[in-house]
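A short worksheet on the structure shown next.
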Amino acid sequence: MNQTIAQKILARASGLESVQPGEIITAKVDLALANDITAPMALSQMKAAGVSGVFNPDKICIVAGRHLPAKDPVVAMEVAKLRNFCTQQGIQRFYGSGGEGMDHALIQELGLARPGMLICNADSHACTVGALGCLSIPMGSTDMAYIFAFGETWLRVPESMRVRYLGKLAPYVTSKDLVLETLRLLGVDGAKYRSIEFDGPALADLTIDERFTITNMAIEMGAKTAVMAPDKVTDAYLERVGAFPYLPIASDEGAQFVEDFSIDADTLRPLVACPHSPSNVRPVAELKVTKVTQVNIGTCTNGRLIDLQQAAEIIRGRKIANGVRLMITPATDIVYRAALKTGLLEVFLDAGATINSSGCGPCGGIHMGVLGADDICVATHNRNFRGRMGHKDAQIYLASPYVAAATAVAGVICDPSEVMQ
């Protein structure tokens, strides 16, 4: 029976030869993840149920990188509790020193995610690591408590849909523009409870870090998860991070997809998602008179080295416009160190930017760049819902690092090609 990537991974995890969309299965989890927001709730549920231990400490990872450095005493105490729990349970993969970054941005850099794995994470953007050919599914904290205790979960096998990216991207057009165009077409619920399989020649030209931006934002389309078939680019990445070799996995010829979309990358130009939805997408050219007060580059969606390199390409030798704040938030400490070593952070500091420690920070409206009522922000984040980054009246636009950097320099939403003339 012809199977998609998602079906193959779930069949292996459930000990079955094949599975069908709509089937309810019980699946063994290869890696269980939670963070400093979701892990405390999961541990509370375990305690309430009388569970004293975890199923396998070597298959659990807790990354306390959302709020750190701690924004208040409550957060500091919660992180301390998580650290103590991991020590008691023998969980070696605890990251909570204050700069490691976010779970779904960090585990791939540590070599913990491989093609074919079933990963469950108490975070909506778990699907990010699907760019490596694994199935990473978001879970609630109660579900995560059960997984921590027993190492398995039940779920309905999602239908698979395919999005193909054709052609080649023009200068200053990126994977962020590809995923924004996909959101424009599908809306915020066009992939509801589906697994999206991304492929196509335009995708093959992207680095793994650029691909992470696409799978990260699949959840904004209502998807259950997202996945990409591994290729030579994946091989090189996995070998570099120490997650090689692996068993190749791809959808069978003739596998059934409930929908099949194609997007022509050749025709794309820089895009922006306008308030207050990631699917409210318009060309930059239509928004060029929009003034801004803040620009955010980074966090989990576009906070990798390639993103900072693209932003620095625009900003190098220039200054931020008067009245604009520029916040740079590397996704992880690994990215932070690489940006420091290659001189990127100096480029941003010379322009007048503020460099945040790795974490959610301004994206979740937590700290390090929260918006006020009159703020208008262009961000490379994944969500621009009302009140997401602070005050409910703040205006949030989503864009690529190129567009965000050009906007910081111009003071208005701007096509990067105009700044580089």
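Identifiers in this document derive from the order of the structure tokens: chains are assigned A, B, ..., residues are numbered from 1 separately in each chain, and ligands are numbered from 1 in order of occurrence.
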
> Any idea what's packed within 8 Å of A:Ile320, counting only C-alpha atoms, ignoring anything in its chain fewer than 4 positions away? Could you give it as a ChimeraX atom specification?
Replying inline: /A:324-326,351-353,408-411

>> What's around A:Ala34 at 9 Å? Count only C-alpha atoms, leave out sequence neighbours fewer than 4 positions away in its own chain, and write the answer as a PyMOL selection string.
In response: chain A and resi 38-40+42+60-64+103+120-123+141+144

Put those residues in a file: all heavy atoms, as an mmCIF file, in the first residue's frame.
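File out-v2.cif, as written:
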```cif
data_model
loop_
_atom_site.group_PDB
_atom_site.id
_atom_site.type_symbol
_atom_site.label_atom_id
_atom_site.label_comp_id
_atom_site.auth_asym_id
_atom_site.auth_seq_id
_atom_site.Cartn_x
_atom_site.Cartn_y
_atom_site.Cartn_z
ATOM 1 N N THR A 38 5.545 25.030 29.237
ATOM 2 C CA THR A 38 4.682 23.858 29.190
ATOM 3 C C THR A 38 5.107 22.728 30.127
ATOM 4 O O THR A 38 4.263 21.957 30.593
ATOM 5 C CB THR A 38 4.626 23.313 27.747
ATOM 6 O OG1 THR A 38 5.971 22.987 27.322
ATOM 7 C CG2 THR A 38 4.035 24.347 26.803
ATOM 8 N N ALA A 39 6.410 22.602 30.391
ATOM 9 C CA ALA A 39 6.877 21.503 31.255
ATOM 10 C C ALA A 39 6.327 21.588 32.676
ATOM 11 O O ALA A 39 5.926 20.550 33.236
ATOM 12 C CB ALA A 39 8.404 21.454 31.273
ATOM 13 N N PRO A 40 6.288 22.765 33.328
ATOM 14 C CA PRO A 40 5.731 22.805 34.688
ATOM 15 C C PRO A 40 4.301 22.287 34.768
ATOM 16 O O PRO A 40 3.941 21.600 35.735
ATOM 17 C CB PRO A 40 5.806 24.295 35.050
ATOM 18 C CG PRO A 40 6.951 24.822 34.253
ATOM 19 C CD PRO A 40 6.858 24.080 32.942
ATOM 20 N N ALA A 42 2.974 20.026 32.748
ATOM 21 C CA ALA A 42 3.046 18.572 32.570
ATOM 22 C C ALA A 42 3.466 17.886 33.863
ATOM 23 O O ALA A 42 2.894 16.856 34.247
ATOM 24 C CB ALA A 42 4.023 18.235 31.447
ATOM 25 N N ILE A 60 13.991 12.098 26.865
ATOM 26 C CA ILE A 60 13.295 13.320 27.282
ATOM 27 C C ILE A 60 14.269 14.491 27.243
ATOM 28 O O ILE A 60 15.435 14.362 27.631
ATOM 29 C CB ILE A 60 12.713 13.162 28.696
ATOM 30 C CG1 ILE A 60 11.600 12.107 28.691
ATOM 31 C CG2 ILE A 60 12.160 14.501 29.218
ATOM 32 C CD1 ILE A 60 11.030 11.798 30.058
ATOM 33 N N CYS A 61 13.778 15.614 26.764
ATOM 34 C CA CYS A 61 14.583 16.836 26.695
ATOM 35 C C CYS A 61 13.705 18.013 27.140
ATOM 36 O O CYS A 61 12.591 18.172 26.639
ATOM 37 C CB CYS A 61 15.090 17.069 25.274
ATOM 38 S SG CYS A 61 16.054 18.580 25.038
ATOM 39 N N ILE A 62 14.205 18.779 28.091
ATOM 40 C CA ILE A 62 13.490 19.977 28.550
ATOM 41 C C ILE A 62 14.382 21.187 28.335
ATOM 42 O O ILE A 62 15.519 21.223 28.815
ATOM 43 C CB ILE A 62 13.082 19.844 30.026
ATOM 44 C CG1 ILE A 62 12.052 18.716 30.182
ATOM 45 C CG2 ILE A 62 12.507 21.163 30.551
ATOM 46 C CD1 ILE A 62 11.583 18.471 31.598
ATOM 47 N N VAL A 63 13.858 22.143 27.579
ATOM 48 C CA VAL A 63 14.621 23.345 27.236
ATOM 49 C C VAL A 63 13.923 24.550 27.861
ATOM 50 O O VAL A 63 12.857 24.964 27.414
ATOM 51 C CB VAL A 63 14.731 23.534 25.714
ATOM 52 C CG1 VAL A 63 15.614 24.737 25.387
ATOM 53 C CG2 VAL A 63 15.296 22.270 25.056
ATOM 54 N N ALA A 64 14.521 25.089 28.905
ATOM 55 C CA ALA A 64 13.934 26.241 29.607
ATOM 56 C C ALA A 64 14.505 27.525 29.017
ATOM 57 O O ALA A 64 15.266 28.244 29.660
ATOM 58 C CB ALA A 64 14.213 26.144 31.102
ATOM 59 N N ASP A 103 13.285 25.181 22.388
ATOM 60 C CA ASP A 103 13.332 23.742 22.157
ATOM 61 C C ASP A 103 13.324 23.359 20.680
ATOM 62 O O ASP A 103 14.181 22.611 20.220
ATOM 63 C CB ASP A 103 12.175 23.053 22.882
ATOM 64 C CG ASP A 103 10.902 23.886 22.894
ATOM 65 O OD1 ASP A 103 10.964 25.086 22.643
ATOM 66 O OD2 ASP A 103 9.827 23.335 23.171
ATOM 67 N N CYS A 120 7.441 14.309 19.951
ATOM 68 C CA CYS A 120 6.293 15.026 20.501
ATOM 69 C C CYS A 120 6.803 16.145 21.392
ATOM 70 O O CYS A 120 7.701 15.939 22.205
ATOM 71 C CB CYS A 120 5.381 14.090 21.294
ATOM 72 S SG CYS A 120 4.501 12.900 20.252
ATOM 73 N N ASN A 121 6.219 17.312 21.224
ATOM 74 C CA ASN A 121 6.699 18.508 21.914
ATOM 75 C C ASN A 121 5.502 19.312 22.401
ATOM 76 O O ASN A 121 4.556 19.538 21.643
ATOM 77 C CB ASN A 121 7.551 19.347 20.961
ATOM 78 C CG ASN A 121 8.209 20.535 21.630
ATOM 79 O OD1 ASN A 121 8.027 20.770 22.822
ATOM 80 N ND2 ASN A 121 8.960 21.300 20.870
ATOM 81 N N ALA A 122 5.561 19.747 23.647
ATOM 82 C CA ALA A 122 4.488 20.579 24.194
ATOM 83 C C ALA A 122 4.667 22.020 23.737
ATOM 84 O O ALA A 122 4.864 22.935 24.531
ATOM 85 C CB ALA A 122 4.480 20.479 25.715
ATOM 86 N N ASP A 123 4.605 22.207 22.436
ATOM 87 C CA ASP A 123 4.703 23.536 21.827
ATOM 88 C C ASP A 123 4.113 23.479 20.432
ATOM 89 O O ASP A 123 4.315 22.506 19.699
ATOM 90 C CB ASP A 123 6.154 24.004 21.751
ATOM 91 C CG ASP A 123 6.250 25.413 21.183
ATOM 92 O OD1 ASP A 123 6.030 26.373 21.939
ATOM 93 O OD2 ASP A 123 6.509 25.555 19.974
ATOM 94 N N SER A 141 0.030 19.989 27.438
ATOM 95 C CA SER A 141 0.832 19.585 28.597
ATOM 96 C C SER A 141 0.299 18.324 29.270
ATOM 97 O O SER A 141 1.079 17.523 29.801
ATOM 98 C CB SER A 141 0.899 20.738 29.601
ATOM 99 O OG SER A 141 1.658 21.810 29.077
ATOM 100 N N MET A 144 1.508 15.557 27.267
ATOM 101 C CA MET A 144 2.942 15.421 27.481
ATOM 102 C C MET A 144 3.243 14.719 28.794
ATOM 103 O O MET A 144 4.202 13.952 28.900
ATOM 104 C CB MET A 144 3.565 16.822 27.476
ATOM 105 C CG MET A 144 4.911 16.917 26.809
ATOM 106 S SD MET A 144 4.860 16.401 25.097
ATOM 107 C CE MET A 144 6.272 15.316 25.124
#
```

> Which of these residues is nearest to A:Met221, using only C-alpha atoms: A:Arg164, A:Arg184, A:His104, A:Arg269?
Replying inline: A:Arg184

>> Using DSSP assignments from the backbone, pull out every residue in stretch 123-300 of chain A that falls under helix (DSSP H, G or I) and give it to me as a PyMOL selection string.
In response: chain A and resi 124-132+141-150+175-186+201-204+208-221+232-241+265-267+284-286+299-300

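Residues with any atom within 7 Å of A:Ser279, counting only C-alpha atoms and excluding same-chain neighbours fewer than 5 positions away, are Leu183, Arg184, Gly187, Val188 and Ala273 of chain A.
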
I need the chosen residues saved as a short mmCIF file (atom, residue, chain, number, x, y, z; two decimals), in the first residue's frame, with C-alpha atoms.
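See selection29.cif below for the written result:
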```
data_model
loop_
_atom_site.label_atom_id
_atom_site.label_comp_id
_atom_site.auth_asym_id
_atom_site.auth_seq_id
_atom_site.Cartn_x
_atom_site.Cartn_y
_atom_site.Cartn_z
CA LEU A 183 -0.56 31.22 3.93
CA ARG A 184 -2.19 33.68 1.56
CA GLY A 187 -5.50 30.77 5.07
CA VAL A 188 -5.11 29.98 8.76
CA ALA A 273 1.62 39.70 6.41
#
```

> Leaving out A:Gly387 and any residue of its chain fewer than 3 positions from it, which residues lie within 10 Å of it when counting only C-alpha atoms, given as a list in words?
Replying inline: His276, Gly364, Gly365, Val370, Leu371, Gly372, Ala373, Asn384, Gly390, His391, Lys392, Asp393, Ala394, Gln395 and Ile396 of chain A

Selection to disk with N, CA and C atoms, as a PDB file, in the first residue's frame:
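Contents of out_31.pdb, freshly written:
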```pdb
ATOM      1  N   HIS A 276      -4.281  41.550  11.390  1.00  0.00           N
ATOM      2  CA  HIS A 276      -3.772  40.830  12.550  1.00  0.00           C
ATOM      3  C   HIS A 276      -3.780  39.335  12.274  1.00  0.00           C
ATOM      4  N   GLY A 364       6.761  36.544  21.846  1.00  0.00           N
ATOM      5  CA  GLY A 364       5.624  36.144  22.671  1.00  0.00           C
ATOM      6  C   GLY A 364       5.128  37.234  23.590  1.00  0.00           C
ATOM      7  N   GLY A 365       5.648  38.459  23.429  1.00  0.00           N
ATOM      8  CA  GLY A 365       5.241  39.549  24.300  1.00  0.00           C
ATOM      9  C   GLY A 365       5.678  39.330  25.731  1.00  0.00           C
ATOM     10  N   VAL A 370       8.747  44.337  24.247  1.00  0.00           N
ATOM     11  CA  VAL A 370       7.281  44.342  24.253  1.00  0.00           C
ATOM     12  C   VAL A 370       6.757  45.648  23.655  1.00  0.00           C
ATOM     13  N   LEU A 371       5.652  45.567  22.911  1.00  0.00           N
ATOM     14  CA  LEU A 371       5.108  46.727  22.204  1.00  0.00           C
ATOM     15  C   LEU A 371       4.079  47.483  23.037  1.00  0.00           C
ATOM     16  N   GLY A 372       4.046  48.815  22.836  1.00  0.00           N
ATOM     17  CA  GLY A 372       3.033  49.668  23.433  1.00  0.00           C
ATOM     18  C   GLY A 372       1.877  49.895  22.478  1.00  0.00           C
ATOM     19  N   ALA A 373       0.897  50.665  22.922  1.00  0.00           N
ATOM     20  CA  ALA A 373      -0.338  50.841  22.148  1.00  0.00           C
ATOM     21  C   ALA A 373      -0.099  51.484  20.790  1.00  0.00           C
ATOM     22  N   ASN A 384       1.258  37.327  14.151  1.00  0.00           N
ATOM     23  CA  ASN A 384       1.010  38.763  14.350  1.00  0.00           C
ATOM     24  C   ASN A 384      -0.397  39.015  14.879  1.00  0.00           C
ATOM     25  N   GLY A 390       2.438  42.376  22.936  1.00  0.00           N
ATOM     26  CA  GLY A 390       2.264  43.396  23.964  1.00  0.00           C
ATOM     27  C   GLY A 390       0.859  43.959  23.935  1.00  0.00           C
ATOM     28  N   HIS A 391       0.738  45.281  23.742  1.00  0.00           N
ATOM     29  CA  HIS A 391      -0.572  45.937  23.777  1.00  0.00           C
ATOM     30  C   HIS A 391      -1.454  45.492  22.618  1.00  0.00           C
ATOM     31  N   LYS A 392      -2.752  45.382  22.906  1.00  0.00           N
ATOM     32  CA  LYS A 392      -3.697  44.911  21.890  1.00  0.00           C
ATOM     33  C   LYS A 392      -3.841  45.859  20.718  1.00  0.00           C
ATOM     34  N   ASP A 393      -3.482  47.128  20.902  1.00  0.00           N
ATOM     35  CA  ASP A 393      -3.605  48.086  19.804  1.00  0.00           C
ATOM     36  C   ASP A 393      -2.347  48.206  18.949  1.00  0.00           C
ATOM     37  N   ALA A 394      -1.273  47.528  19.337  1.00  0.00           N
ATOM     38  CA  ALA A 394      -0.050  47.547  18.533  1.00  0.00           C
ATOM     39  C   ALA A 394      -0.301  46.858  17.196  1.00  0.00           C
ATOM     40  N   GLN A 395       0.385  47.331  16.162  1.00  0.00           N
ATOM     41  CA  GLN A 395       0.248  46.778  14.814  1.00  0.00           C
ATOM     42  C   GLN A 395       1.499  45.946  14.493  1.00  0.00           C
ATOM     43  N   ILE A 396       1.308  44.677  14.094  1.00  0.00           N
ATOM     44  CA  ILE A 396       2.432  43.782  13.820  1.00  0.00           C
ATOM     45  C   ILE A 396       2.356  43.294  12.375  1.00  0.00           C
TER      46      ILE A 396
END
```

>> Applying 9 Å and only C-alpha atoms, which residues near stretch 203-218 of chain A remain after dropping the ones on its own chain fewer than 4 positions away? List them as a VMD selection string.
In response: chain A and resid 104 to 105 125 to 132 164 to 166 168 to 169 174 to 176 178 to 180 183 191 195 to 196 198 to 199 222 to 228 231 233 to 234 237 300 to 302 304 to 307 382 to 383
